[in-house]
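Structure data (compact mmCIF, C-alpha atoms) from upload_8.txt:
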```txt
# COMPACT_ATOMS: atom_id res chain seq x y z
CA MET Y 9 -28.20 5.61 12.21
CA ILE Y 10 -26.13 5.11 15.36
CA TYR Y 11 -23.30 7.45 16.26
CA ILE Y 12 -20.23 6.25 18.18
CA GLU Y 13 -17.74 8.66 19.75
CA THR Y 14 -14.31 7.02 19.48
CA GLY Y 15 -12.76 9.24 22.17
CA SER Y 16 -9.31 8.79 20.62
CA MET Y 17 -6.90 10.39 18.18
CA ASP Y 18 -4.89 7.16 17.94
CA VAL Y 19 -5.27 6.00 14.34
CA TYR Y 20 -4.69 2.35 15.23
CA TYR Y 21 -7.40 2.45 17.89
CA ASN Y 22 -9.85 4.13 15.54
CA PHE Y 23 -9.26 1.61 12.76
CA GLY Y 24 -9.55 -1.15 15.37
CA LEU Y 25 -12.91 0.28 16.42
CA GLU Y 26 -14.01 0.45 12.78
CA TYR Y 27 -13.10 -3.22 12.31
CA TYR Y 28 -14.75 -4.27 15.60
CA PHE Y 29 -18.15 -2.81 14.70
CA THR Y 30 -17.89 -4.14 11.15
CA VAL Y 31 -17.05 -7.76 11.96
CA GLU Y 32 -17.43 -8.61 15.63
CA LYS Y 33 -20.20 -6.43 17.08
CA LYS Y 34 -22.89 -5.63 14.55
CA LEU Y 35 -25.36 -2.99 15.68
CA PRO Y 36 -28.93 -3.00 14.28
CA ASP Y 37 -28.49 0.15 12.17
CA THR Y 38 -25.82 1.97 10.14
CA VAL Y 39 -22.91 3.01 12.34
CA PHE Y 40 -21.50 6.51 11.90
CA LEU Y 41 -18.10 7.66 13.22
CA PHE Y 42 -16.49 11.10 13.04
CA TRP Y 43 -12.89 11.08 14.25
CA ARG Y 44 -9.42 12.53 13.81
CA THR Y 45 -5.81 11.51 14.36
CA THR Y 46 -2.40 12.72 15.40
CA PRO Y 47 -0.17 13.31 12.32
CA THR Y 48 -0.55 10.12 10.28
CA LEU Y 49 0.05 8.73 6.81
CA MET Y 50 -2.67 6.29 5.76
CA VAL Y 51 -1.50 4.06 2.93
CA GLY Y 52 -3.96 2.23 0.68
CA LYS Y 53 -4.34 -1.55 0.85
CA TYR Y 54 -2.54 -2.22 -2.43
CA GLN Y 55 0.26 0.34 -2.18
CA ASN Y 56 3.98 0.01 -1.51
CA VAL Y 57 4.60 2.17 1.57
CA LEU Y 58 8.18 2.95 0.58
CA GLU Y 59 7.14 4.31 -2.82
CA GLU Y 60 4.37 6.51 -1.41
CA ILE Y 61 5.91 8.32 1.55
CA ASN Y 62 9.02 10.23 2.60
CA LYS Y 63 9.89 7.81 5.39
CA PRO Y 64 12.90 9.72 6.79
CA TYR Y 65 10.72 12.83 7.12
CA ALA Y 66 7.87 10.84 8.67
CA ASP Y 67 10.23 9.26 11.19
CA ALA Y 68 11.85 12.59 12.10
CA HIS Y 69 8.47 14.26 12.66
CA ASP Y 70 6.79 11.39 14.56
CA ILE Y 71 4.22 10.82 11.83
CA HIS Y 72 2.49 7.48 12.28
CA LEU Y 73 2.07 4.99 9.44
CA VAL Y 74 -0.94 2.77 8.96
CA ARG Y 75 -2.27 0.59 6.15
CA ARG Y 76 -5.98 0.89 5.51
CA MET Y 77 -8.14 -2.09 4.63
CA SER Y 78 -9.48 -0.09 1.68
CA GLY Y 79 -7.83 0.69 -1.64
CA GLY Y 80 -7.03 4.14 -3.00
CA GLY Y 81 -4.07 6.42 -2.44
CA THR Y 82 -2.05 7.62 0.52
CA ILE Y 83 -3.50 10.45 2.58
CA TYR Y 84 -2.05 12.60 5.34
CA THR Y 85 -4.19 13.34 8.39
CA ASP Y 86 -3.59 15.42 11.49
CA PRO Y 87 -5.63 17.10 14.27
CA GLY Y 88 -6.60 19.79 11.76
CA GLY Y 89 -8.55 17.29 9.69
CA TRP Y 90 -11.39 14.86 10.26
CA GLN Y 91 -12.27 11.32 9.16
CA PHE Y 92 -15.77 9.93 8.82
CA THR Y 93 -16.91 6.31 8.61
CA PHE Y 94 -20.19 4.64 7.70
CA ILE Y 95 -20.59 0.93 8.49
CA GLN Y 96 -23.58 -0.73 6.91
CA HIS Y 97 -24.58 -4.39 6.93
CA GLU Y 98 -26.03 -5.13 3.53
CA ASP Y 99 -25.51 -7.43 0.56
CA ALA Y 100 -23.89 -4.99 -1.87
CA LYS Y 101 -21.53 -6.33 -4.51
CA GLU Y 102 -20.37 -3.07 -6.12
CA ILE Y 103 -18.40 -0.08 -4.90
CA ALA Y 104 -20.90 2.79 -4.62
CA PHE Y 105 -19.88 6.13 -3.15
CA HIS Y 106 -22.79 8.49 -3.66
CA GLN Y 107 -25.14 7.28 -0.92
CA TYR Y 108 -22.44 7.85 1.72
CA ILE Y 109 -21.02 11.06 0.27
CA ALA Y 110 -24.41 12.77 -0.21
CA PRO Y 111 -25.08 13.37 3.53
CA VAL Y 112 -21.58 14.84 3.96
CA ILE Y 113 -22.12 17.24 1.04
CA ASP Y 114 -25.54 18.21 2.39
CA ALA Y 115 -24.08 18.92 5.84
CA LEU Y 116 -21.33 21.10 4.36
CA ARG Y 117 -23.80 23.04 2.23
CA GLU Y 118 -25.91 23.72 5.30
CA LEU Y 119 -22.77 25.26 6.80
CA GLY Y 120 -22.45 27.48 3.73
CA VAL Y 121 -19.71 25.50 1.95
CA GLN Y 122 -20.42 24.77 -1.72
CA ALA Y 123 -19.05 21.23 -1.89
CA ASP Y 124 -19.32 18.92 -4.90
CA PHE Y 125 -18.58 15.27 -5.74
CA ASN Y 126 -16.18 14.83 -8.65
CA GLY Y 127 -17.71 11.54 -9.74
CA ARG Y 128 -14.85 9.24 -8.69
CA ASN Y 129 -13.93 9.46 -5.00
CA ASP Y 130 -13.10 13.09 -4.22
CA LEU Y 131 -15.07 16.03 -2.84
CA THR Y 132 -14.16 19.49 -4.07
CA ILE Y 133 -14.79 23.18 -3.49
CA GLY Y 134 -14.40 25.27 -6.62
CA GLY Y 135 -12.57 22.39 -8.25
CA ARG Y 136 -10.06 22.03 -5.41
CA LYS Y 137 -10.01 18.78 -3.45
CA PHE Y 138 -10.70 18.67 0.29
CA SER Y 139 -11.83 15.06 0.72
CA GLY Y 140 -10.81 11.62 -0.49
CA ASN Y 141 -13.05 8.59 -0.03
CA ALA Y 142 -12.55 4.83 -0.01
CA GLN Y 143 -14.74 1.81 0.44
CA TYR Y 144 -14.31 -1.88 1.14
CA ARG Y 145 -16.27 -4.96 2.10
CA LEU Y 146 -15.80 -7.32 5.06
CA GLY Y 147 -18.15 -10.29 5.10
CA ASP Y 148 -21.66 -8.93 4.65
CA SER Y 149 -20.70 -5.39 5.70
CA ILE Y 150 -19.76 -2.30 3.70
CA VAL Y 151 -17.32 0.22 5.19
CA HIS Y 152 -17.14 3.66 3.64
CA HIS Y 153 -14.62 6.11 5.06
CA GLY Y 154 -13.36 9.49 3.96
CA SER Y 155 -11.13 12.35 4.99
CA LEU Y 156 -11.97 16.03 5.40
CA LEU Y 157 -9.26 18.69 5.23
CA PHE Y 158 -10.50 21.27 7.70
CA ASP Y 159 -7.36 23.10 8.84
CA THR Y 160 -4.68 20.60 7.87
CA ASP Y 161 -0.97 21.45 7.72
CA ILE Y 162 -0.52 21.42 3.94
CA GLU Y 163 3.27 21.88 4.09
CA GLN Y 164 3.67 18.82 6.29
CA MET Y 165 1.24 16.87 4.15
CA VAL Y 166 3.37 17.55 1.07
CA ALA Y 167 6.75 17.05 2.79
CA SER Y 168 5.74 13.66 4.16
CA THR Y 169 4.71 12.37 0.73
CA THR Y 170 7.38 14.02 -1.46
CA VAL Y 171 11.00 13.13 -2.25
CA ASP Y 172 13.15 15.14 0.15
CA ASP Y 173 14.61 17.62 -2.30
CA TYR Y 174 14.14 21.35 -1.70
CA LYS Y 175 13.31 22.27 -5.31
CA ILE Y 176 10.92 19.38 -5.73
CA LEU Y 177 9.32 20.07 -2.34
CA SER Y 178 8.83 23.78 -3.07
CA LYS Y 179 7.20 23.05 -6.41
CA SER Y 180 5.07 20.31 -4.86
CA ILE Y 181 3.72 22.61 -2.14
CA LYS Y 182 2.71 25.20 -4.73
CA SER Y 183 1.17 22.53 -6.95
CA VAL Y 184 -0.78 20.94 -4.09
CA ARG Y 185 -2.00 24.33 -2.85
CA ASP Y 186 -3.43 24.91 -6.32
CA ARG Y 187 -5.26 21.57 -6.19
CA VAL Y 188 -6.39 21.17 -2.57
CA THR Y 189 -8.03 23.38 0.00
CA ASN Y 190 -9.06 23.45 3.66
CA ILE Y 191 -12.76 23.71 4.48
CA SER Y 192 -12.03 26.42 7.07
CA GLU Y 193 -11.07 28.80 4.26
CA HIS Y 194 -14.60 28.60 2.80
CA LEU Y 195 -16.85 28.92 5.85
CA PRO Y 196 -18.99 32.08 5.96
CA SER Y 197 -17.72 32.76 9.49
CA PRO Y 198 -14.75 31.35 11.47
CA MET Y 199 -15.27 28.05 13.27
CA ASP Y 200 -12.87 25.89 15.26
CA ALA Y 201 -12.37 22.20 14.55
CA GLU Y 202 -14.48 20.93 17.47
CA THR Y 203 -17.43 23.17 16.60
CA PHE Y 204 -17.18 22.00 13.00
CA LYS Y 205 -17.34 18.39 14.16
CA GLU Y 206 -20.40 19.03 16.32
CA CYS Y 207 -22.19 20.71 13.41
CA MET Y 208 -21.32 17.95 10.95
CA VAL Y 209 -22.41 15.15 13.31
CA ARG Y 210 -25.67 16.93 14.09
CA HIS Y 211 -26.48 17.49 10.40
CA ILE Y 212 -25.54 13.96 9.28
CA MET Y 213 -27.48 12.39 12.16
CA ASN Y 214 -30.45 14.54 11.03
CA GLY Y 215 -31.35 15.53 14.57
CA SER Y 216 -31.22 11.99 15.96
CA ASP Y 217 -29.38 11.52 19.25
CA GLU Y 218 -29.10 7.74 18.94
CA GLN Y 219 -25.65 6.83 20.20
CA TYR Y 220 -23.77 3.75 21.34
CA HIS Y 221 -21.37 4.16 24.27
CA LEU Y 222 -18.33 1.91 24.38
CA THR Y 223 -18.15 -0.53 27.29
CA PRO Y 224 -14.88 -1.52 29.02
CA GLU Y 225 -15.18 -4.87 27.21
CA ASP Y 226 -15.52 -3.09 23.86
CA ASP Y 227 -12.51 -0.93 24.63
CA ALA Y 228 -10.33 -3.89 25.59
CA ARG Y 229 -11.15 -5.81 22.42
CA ILE Y 230 -10.66 -2.76 20.22
CA ARG Y 231 -7.18 -2.27 21.67
CA GLU Y 232 -6.36 -5.91 20.86
CA LEU Y 233 -7.54 -5.46 17.28
CA ALA Y 234 -5.62 -2.20 16.93
CA ALA Y 235 -2.36 -3.94 17.84
CA GLU Y 236 -3.07 -7.10 15.86
CA LYS Y 237 -4.44 -5.72 12.62
CA PHE Y 238 -3.09 -2.18 12.29
CA ASN Y 239 -0.17 -1.30 14.57
CA SER Y 240 2.34 -3.94 13.51
CA TRP Y 241 5.28 -4.05 11.13
CA GLU Y 242 3.81 -7.07 9.36
CA ARG Y 243 0.57 -5.23 8.57
CA ILE Y 244 2.23 -2.00 7.44
CA PHE Y 245 5.37 -3.16 5.63
CA GLY Y 246 4.86 -6.92 5.33
CA ALA Y 247 1.86 -6.28 3.08
CA ASN Y 248 4.01 -4.37 0.56
CA PRO Y 249 4.03 -5.91 -2.92
CA ASN Y 250 7.31 -7.56 -3.96
CA PHE Y 251 9.81 -5.12 -5.44
CA ASN Y 252 13.43 -4.72 -6.49
CA ILE Y 253 15.53 -1.83 -5.35
CA ASP Y 254 18.91 -0.49 -6.46
CA ARG Y 255 20.86 1.83 -4.13
CA THR Y 256 24.26 3.36 -4.90
CA ARG Y 257 26.26 5.59 -2.56
CA ARG Y 258 29.80 6.99 -2.60
CA PHE Y 259 31.67 7.02 0.71
CA ALA Y 260 35.14 7.99 1.87
CA GLY Y 261 36.14 4.37 1.35
CA GLY Y 262 34.69 4.03 -2.14
CA LYS Y 263 31.44 3.29 -3.96
CA MET Y 264 28.96 0.63 -2.87
CA GLN Y 265 25.95 -0.48 -4.91
CA PHE Y 266 23.26 -2.65 -3.33
CA LYS Y 267 20.68 -4.51 -5.42
CA LEU Y 268 17.89 -6.08 -3.39
CA ASP Y 269 14.95 -8.38 -4.02
CA VAL Y 270 12.37 -7.51 -1.35
CA ARG Y 271 9.36 -9.74 -0.75
CA LYS Y 272 6.65 -8.93 1.81
CA GLY Y 273 9.01 -6.42 3.42
CA ILE Y 274 11.86 -8.95 3.81
CA ILE Y 275 15.12 -8.88 1.84
CA HIS Y 276 15.00 -12.17 -0.07
CA GLU Y 277 18.26 -11.79 -1.97
CA ALA Y 278 20.98 -9.15 -2.07
CA TRP Y 279 23.88 -8.31 -4.35
CA VAL Y 280 26.66 -5.80 -3.66
CA TYR Y 281 29.08 -4.19 -6.12
CA GLY Y 282 31.57 -1.34 -6.06
CA ASP Y 283 35.18 -0.25 -5.78
CA PHE Y 284 35.36 -0.51 -1.98
CA PHE Y 285 37.90 -2.51 0.03
CA SER Y 286 36.90 -5.19 2.52
CA THR Y 287 38.29 -8.13 4.47
CA LEU Y 288 35.13 -10.04 3.51
CA ASP Y 289 33.92 -11.29 0.15
CA ALA Y 290 30.74 -9.90 -1.39
CA GLU Y 291 28.82 -13.12 -0.70
CA THR Y 292 29.32 -12.68 3.05
CA ILE Y 293 27.94 -9.13 2.93
CA CYS Y 294 24.96 -10.32 0.87
CA ALA Y 295 24.30 -13.22 3.22
CA ALA Y 296 24.11 -10.79 6.14
CA LEU Y 297 21.21 -9.02 4.44
CA ALA Y 298 19.21 -12.05 3.29
CA GLY Y 299 16.19 -12.65 5.52
CA CYS Y 300 16.40 -9.19 7.09
CA ARG Y 301 13.49 -6.77 7.32
CA TYR Y 302 13.81 -3.92 4.87
CA GLU Y 303 14.12 -1.20 7.51
CA ARG Y 304 17.20 0.70 8.56
CA GLY Y 305 17.42 -0.48 12.16
CA ALA Y 306 17.02 -4.12 11.19
CA VAL Y 307 19.62 -3.79 8.42
CA ARG Y 308 22.13 -2.21 10.81
CA GLU Y 309 21.60 -4.97 13.37
CA ALA Y 310 22.06 -7.66 10.70
CA LEU Y 311 25.31 -6.09 9.48
CA ALA Y 312 26.61 -5.80 13.03
CA ARG Y 313 25.58 -9.36 13.89
CA HIS Y 314 27.55 -10.68 10.90
CA GLY Y 315 30.72 -8.79 11.81
CA LEU Y 316 30.57 -6.04 9.18
CA GLU Y 317 31.60 -3.20 11.50
CA GLY Y 318 35.19 -2.37 10.57
CA ALA Y 319 35.25 -5.01 7.83
CA VAL Y 320 34.75 -2.47 5.01
CA TYR Y 321 37.49 0.14 4.72
CA ARG Y 322 36.29 3.60 5.80
CA ILE Y 323 32.60 2.69 5.47
CA SER Y 324 30.67 2.09 8.69
CA ILE Y 325 27.63 -0.13 9.11
CA ASP Y 326 25.61 3.00 9.88
CA GLU Y 327 26.57 4.42 6.48
CA MET Y 328 25.76 1.15 4.75
CA ALA Y 329 22.37 0.88 6.47
CA GLU Y 330 21.52 4.45 5.49
CA ALA Y 331 22.51 3.72 1.89
CA ILE Y 332 20.35 0.59 1.78
CA VAL Y 333 17.25 2.11 3.42
CA ASP Y 334 16.55 5.85 3.15
```
Represent the structure from my file as structure tokens, please.
Amino acid sequence: MIYIETGSMDVYYNFGLEYYFTVEKKLPDTVFLFWRTTPTLMVGKYQNVLEEINKPYADAHDIHLVRRMSGGGTIYTDPGGWQFTFIQHEDAKEIAFHQYIAPVIDALRELGVQADFNGRNDLTIGGRKFSGNAQYRLGDSIVHHGSLLFDTDIEQMVASTTVDDYKILSKSIKSVRDRVTNISEHLPSPMDAETFKECMVRHIMNGSDEQYHLTPEDDARIRELAAEKFNSWERIFGANPNFNIDRTRRFAGGKMQFKLDVRKGIIHEAWVYGDFFSTLDAETICAALAGCRYERGAVREALARHGLEGAVYRISIDEMAEAIVD
């Protein structure tokens, strides 16, 4: 096994590195990574970002969004948690978790943490989840990656993935706290995040010090892949499945209802109804939205570009944009 230190908490860089050593630079043995991120929401390959996260909260708290190449659900990561990756070049046709999870469980048990595998894709302590795992195939390579809650901010994790309502949020935090746990709470003696990482890497590498050090050429290509395949609107929102959305809001100038057909993150068709007053007909308002990205800034720009500011009585384009996109 070959260990690679990513040297970064940038999620896009780390996923770029994962892709690079899976597809473009294949090392002669299994590659092992152990890394972490700034506050980030990682959405599964087949998920609709807008249904899985509290985007206004994520935006307000500078939480990054990324779409993984693997399936599974959305996870929240931050500097209090860790991610691990195994990259193996083999002809495997089925999803198989145990061979990659077993060394992680063994390492945790050596640290005095009684971890178990729940049989699907989670690791637990006393029945409470602390790790989710996912796996995918690229060419002839298998990538297995997982998360480890070490000292993660549970409140922020819940708030960023929950509808922004105080009662719902409060209940969600309590519910999640009953179902998840941080590894740090179960260690026999206190340990900081960096020491935990060093111990885990040492145990999983089984005493081997075999390591690959990134070259400037590696770094440059990884940064290109990070921007191209992970840190782009098209990759994050453009990969959303098609969906219909219905938004209604009451303003000082009356009620407006927007019905939208969104395909690959772009508003394909729009309909507007309500008891508002305007100098424009509904078709003009709808035409302004057609072809626009389904994101608030893009919607506002489209409305402004088509002369909507001041055209709807006592309803500004900022209010309309906020009604259309939370």
Using all atoms listed in the file, collect all residues at a distance of at most 12 Å from (-14.6, 16.1, 16.0) as written in the file, then present them as a JSON list (two decimals) with C-alpha atoms, in the frame of the given file.
```json
[["chain", "number", "residue", "atom", "x", "y", "z"],
["Y", 12, "ILE", "CA", -20.23, 6.25, 18.18],
["Y", 13, "GLU", "CA", -17.74, 8.66, 19.75],
["Y", 14, "THR", "CA", -14.31, 7.02, 19.48],
["Y", 15, "GLY", "CA", -12.76, 9.24, 22.17],
["Y", 16, "SER", "CA", -9.31, 8.79, 20.62],
["Y", 17, "MET", "CA", -6.90, 10.39, 18.18],
["Y", 41, "LEU", "CA", -18.10, 7.66, 13.22],
["Y", 42, "PHE", "CA", -16.49, 11.10, 13.04],
["Y", 43, "TRP", "CA", -12.89, 11.08, 14.25],
["Y", 44, "ARG", "CA", -9.42, 12.53, 13.81],
["Y", 45, "THR", "CA", -5.81, 11.51, 14.36],
["Y", 86, "ASP", "CA", -3.59, 15.42, 11.49],
["Y", 87, "PRO", "CA", -5.63, 17.10, 14.27],
["Y", 88, "GLY", "CA", -6.60, 19.79, 11.76],
["Y", 89, "GLY", "CA", -8.55, 17.29, 9.69],
["Y", 90, "TRP", "CA", -11.39, 14.86, 10.26],
["Y", 91, "GLN", "CA", -12.27, 11.32, 9.16],
["Y", 92, "PHE", "CA", -15.77, 9.93, 8.82],
["Y", 156, "LEU", "CA", -11.97, 16.03, 5.40],
["Y", 158, "PHE", "CA", -10.50, 21.27, 7.70],
["Y", 200, "ASP", "CA", -12.87, 25.89, 15.26],
["Y", 201, "ALA", "CA", -12.37, 22.20, 14.55],
["Y", 202, "GLU", "CA", -14.48, 20.93, 17.47],
["Y", 203, "THR", "CA", -17.43, 23.17, 16.60],
["Y", 204, "PHE", "CA", -17.18, 22.00, 13.00],
["Y", 205, "LYS", "CA", -17.34, 18.39, 14.16],
["Y", 206, "GLU", "CA", -20.40, 19.03, 16.32],
["Y", 207, "CYS", "CA", -22.19, 20.71, 13.41],
["Y", 208, "MET", "CA", -21.32, 17.95, 10.95],
["Y", 209, "VAL", "CA", -22.41, 15.15, 13.31],
["Y", 210, "ARG", "CA", -25.67, 16.93, 14.09]]
```
Original post:
Quick one: of Y:Tyr11, Y:Phe125, Y:Tyr21, Y:Tyr220, who's nearest to Ile109 in chain Y, counting only C-alpha atoms?
Top reply: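 Looking only at the distances to Ile109 in chain Y, the closest residue turns out to be Y:Phe125.
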Subject >> Straight-line distance linking CA of Cys300 in chain Y with CA of Glu327 in chain Y, stated in Å to one decimal >> reply: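 Distance reported for this atom pair: 17.0 Å.
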Could you name the residues that touch Leu119 in chain Y at 8 Å or less, counting only C-alpha atoms, but leaving out those on the same chain fewer than 3 positions away, as an mmCIF file with C-alpha atoms, in the coordinates of the input?
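Written file, result_11.cif:
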```cif
data_model
loop_
_atom_site.group_PDB
_atom_site.id
_atom_site.type_symbol
_atom_site.label_atom_id
_atom_site.label_comp_id
_atom_site.auth_asym_id
_atom_site.auth_seq_id
_atom_site.Cartn_x
_atom_site.Cartn_y
_atom_site.Cartn_z
ATOM 1 C CA ALA Y 115 -24.080 18.920 5.840
ATOM 2 C CA LEU Y 116 -21.330 21.100 4.360
ATOM 3 C CA LEU Y 195 -16.850 28.920 5.850
ATOM 4 C CA PRO Y 196 -18.990 32.080 5.960
#
```
Subject >> Atom pair CA of Ser149 in chain Y / CA of Asp227 in chain Y: separation (Å) >> reply: 21.1 Å
Subject >> All residues 8 Å or closer to range 277-282 of chain Y, all atoms listed in the file, same chain fewer than 3 positions away omitted, as JSON, numbers by chain >> reply: {"Y": [262, 263, 264, 265, 266, 267, 268, 269, 270, 290, 291, 293, 294, 295, 297, 298, 299]}
Subject >> CA of Phe259 in chain Y to CA of Ile323 in chain Y, distance in Å rounded to a single decimal >> reply: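 One can read the CA of Phe259 in chain Y to CA of Ile323 in chain Y distance as 6.5 Å.
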Subject >> Contact residues around Glu118 in chain Y with all atoms listed in the file at 10 Å, ignoring same-chain residues under 4 positions, as a ChimeraX atom specification >> reply: /Y:112-114,122,207-208,211
Wanna dump the range 16-88 of chain Y-range 231-240 of chain Y contacts at 10 Å for me, each residue with its shortest atom pair and the distance in Å to one decimal, counting only C-alpha atoms, ordered by chain and number, as a tab-separated table?
```
residue	atom	partner	partner_atom	distance
Y:Asp18	CA	Y:Ala234	CA	9.4
Y:Val19	CA	Y:Ala234	CA	8.6
Y:Tyr20	CA	Y:Ala234	CA	4.9
Y:Tyr21	CA	Y:Ala234	CA	5.1
Y:Asn22	CA	Y:Ala234	CA	7.7
Y:Phe23	CA	Y:Ala234	CA	6.7
Y:Gly24	CA	Y:Ala234	CA	4.4
Y:Leu25	CA	Y:Ala234	CA	7.7
Y:Glu26	CA	Y:Ala234	CA	9.7
Y:Tyr27	CA	Y:Leu233	CA	7.8
Y:Tyr28	CA	Y:Leu233	CA	7.5
Y:His72	CA	Y:Asn239	CA	9.5
Y:Leu73	CA	Y:Asn239	CA	8.4
Y:Val74	CA	Y:Phe238	CA	6.3
Y:Arg75	CA	Y:Phe238	CA	6.8
Y:Arg76	CA	Y:Phe238	CA	8.0
Y:Met77	CA	Y:Phe238	CA	9.2
```
Subject >> Given all atoms listed in the file as the counted atoms, nearest of Y:Thr30, Y:Thr46, Y:Thr85, Y:Thr223 to His97 in chain Y >> reply: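 Of all the options, Y:Thr30 lies closest to His97 in chain Y.
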**OP:** Around the point (-8.0, 6.4, -0.1) in the file's coordinates, collect all residues with an atom within 9 Å, using all atoms listed in the file, and return them as JSON, numbers by chain.
**Re:** {"Y": [50, 51, 52, 53, 76, 78, 79, 80, 81, 82, 83, 129, 140, 141, 142, 143, 153, 154, 155]}
Original post:
Do you know which residues are at most 9 Å from Phe29 in chain Y counting all atoms listed in the file, after dropping those on the same chain fewer than 6 positions away, and could you put them as a PyMOL selection string?
Top reply: chain Y and resi 35+39+95
Original post:
Of the residues Y:Leu146, Y:Ala228, Y:Met9, Y:Leu58, which is the one nearest to Ile212 in chain Y, using all atoms listed in the file?
Top reply: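 Closest to Ile212 in chain Y of all the choices is Y:Met9.
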Original post:
Of the candidates Y:Arg308, Y:Gly120, Y:Asn62, Y:Tyr54, which one gets nearest to Met199 in chain Y if we count only C-alpha atoms?
Top reply: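 That would be Y:Gly120, the residue with the smallest distance to Met199 in chain Y.
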As a tab-separated table (two decimals) with C-alpha atoms, keeping the file's coordinate frame, please: the residues near Gly246 in chain Y (cut-off 7 Å, only C-alpha atoms, same-chain neighbours under 5 positions excluded).
```tsv
chain	number	residue	atom	x	y	z
Y	241	TRP	CA	5.28	-4.05	11.13
Y	272	LYS	CA	6.65	-8.93	1.81
Y	273	GLY	CA	9.01	-6.42	3.42
```
Original post:
Restricting the calculation to only C-alpha atoms, which member of Y:Arg187, Y:His314, Y:His106, Y:Arg301 is positioned closest to Lys137 in chain Y?
Top reply: Y:Arg187
Original post:
When distances are computed from all atoms listed in the file, which of Y:Leu49, Y:Ile150, Y:Val333, Y:Met165 shows the smallest separation from Asp254 in chain Y?
Top reply: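 Counting all atoms listed in the file, the residue closest to Asp254 in chain Y is Y:Val333.
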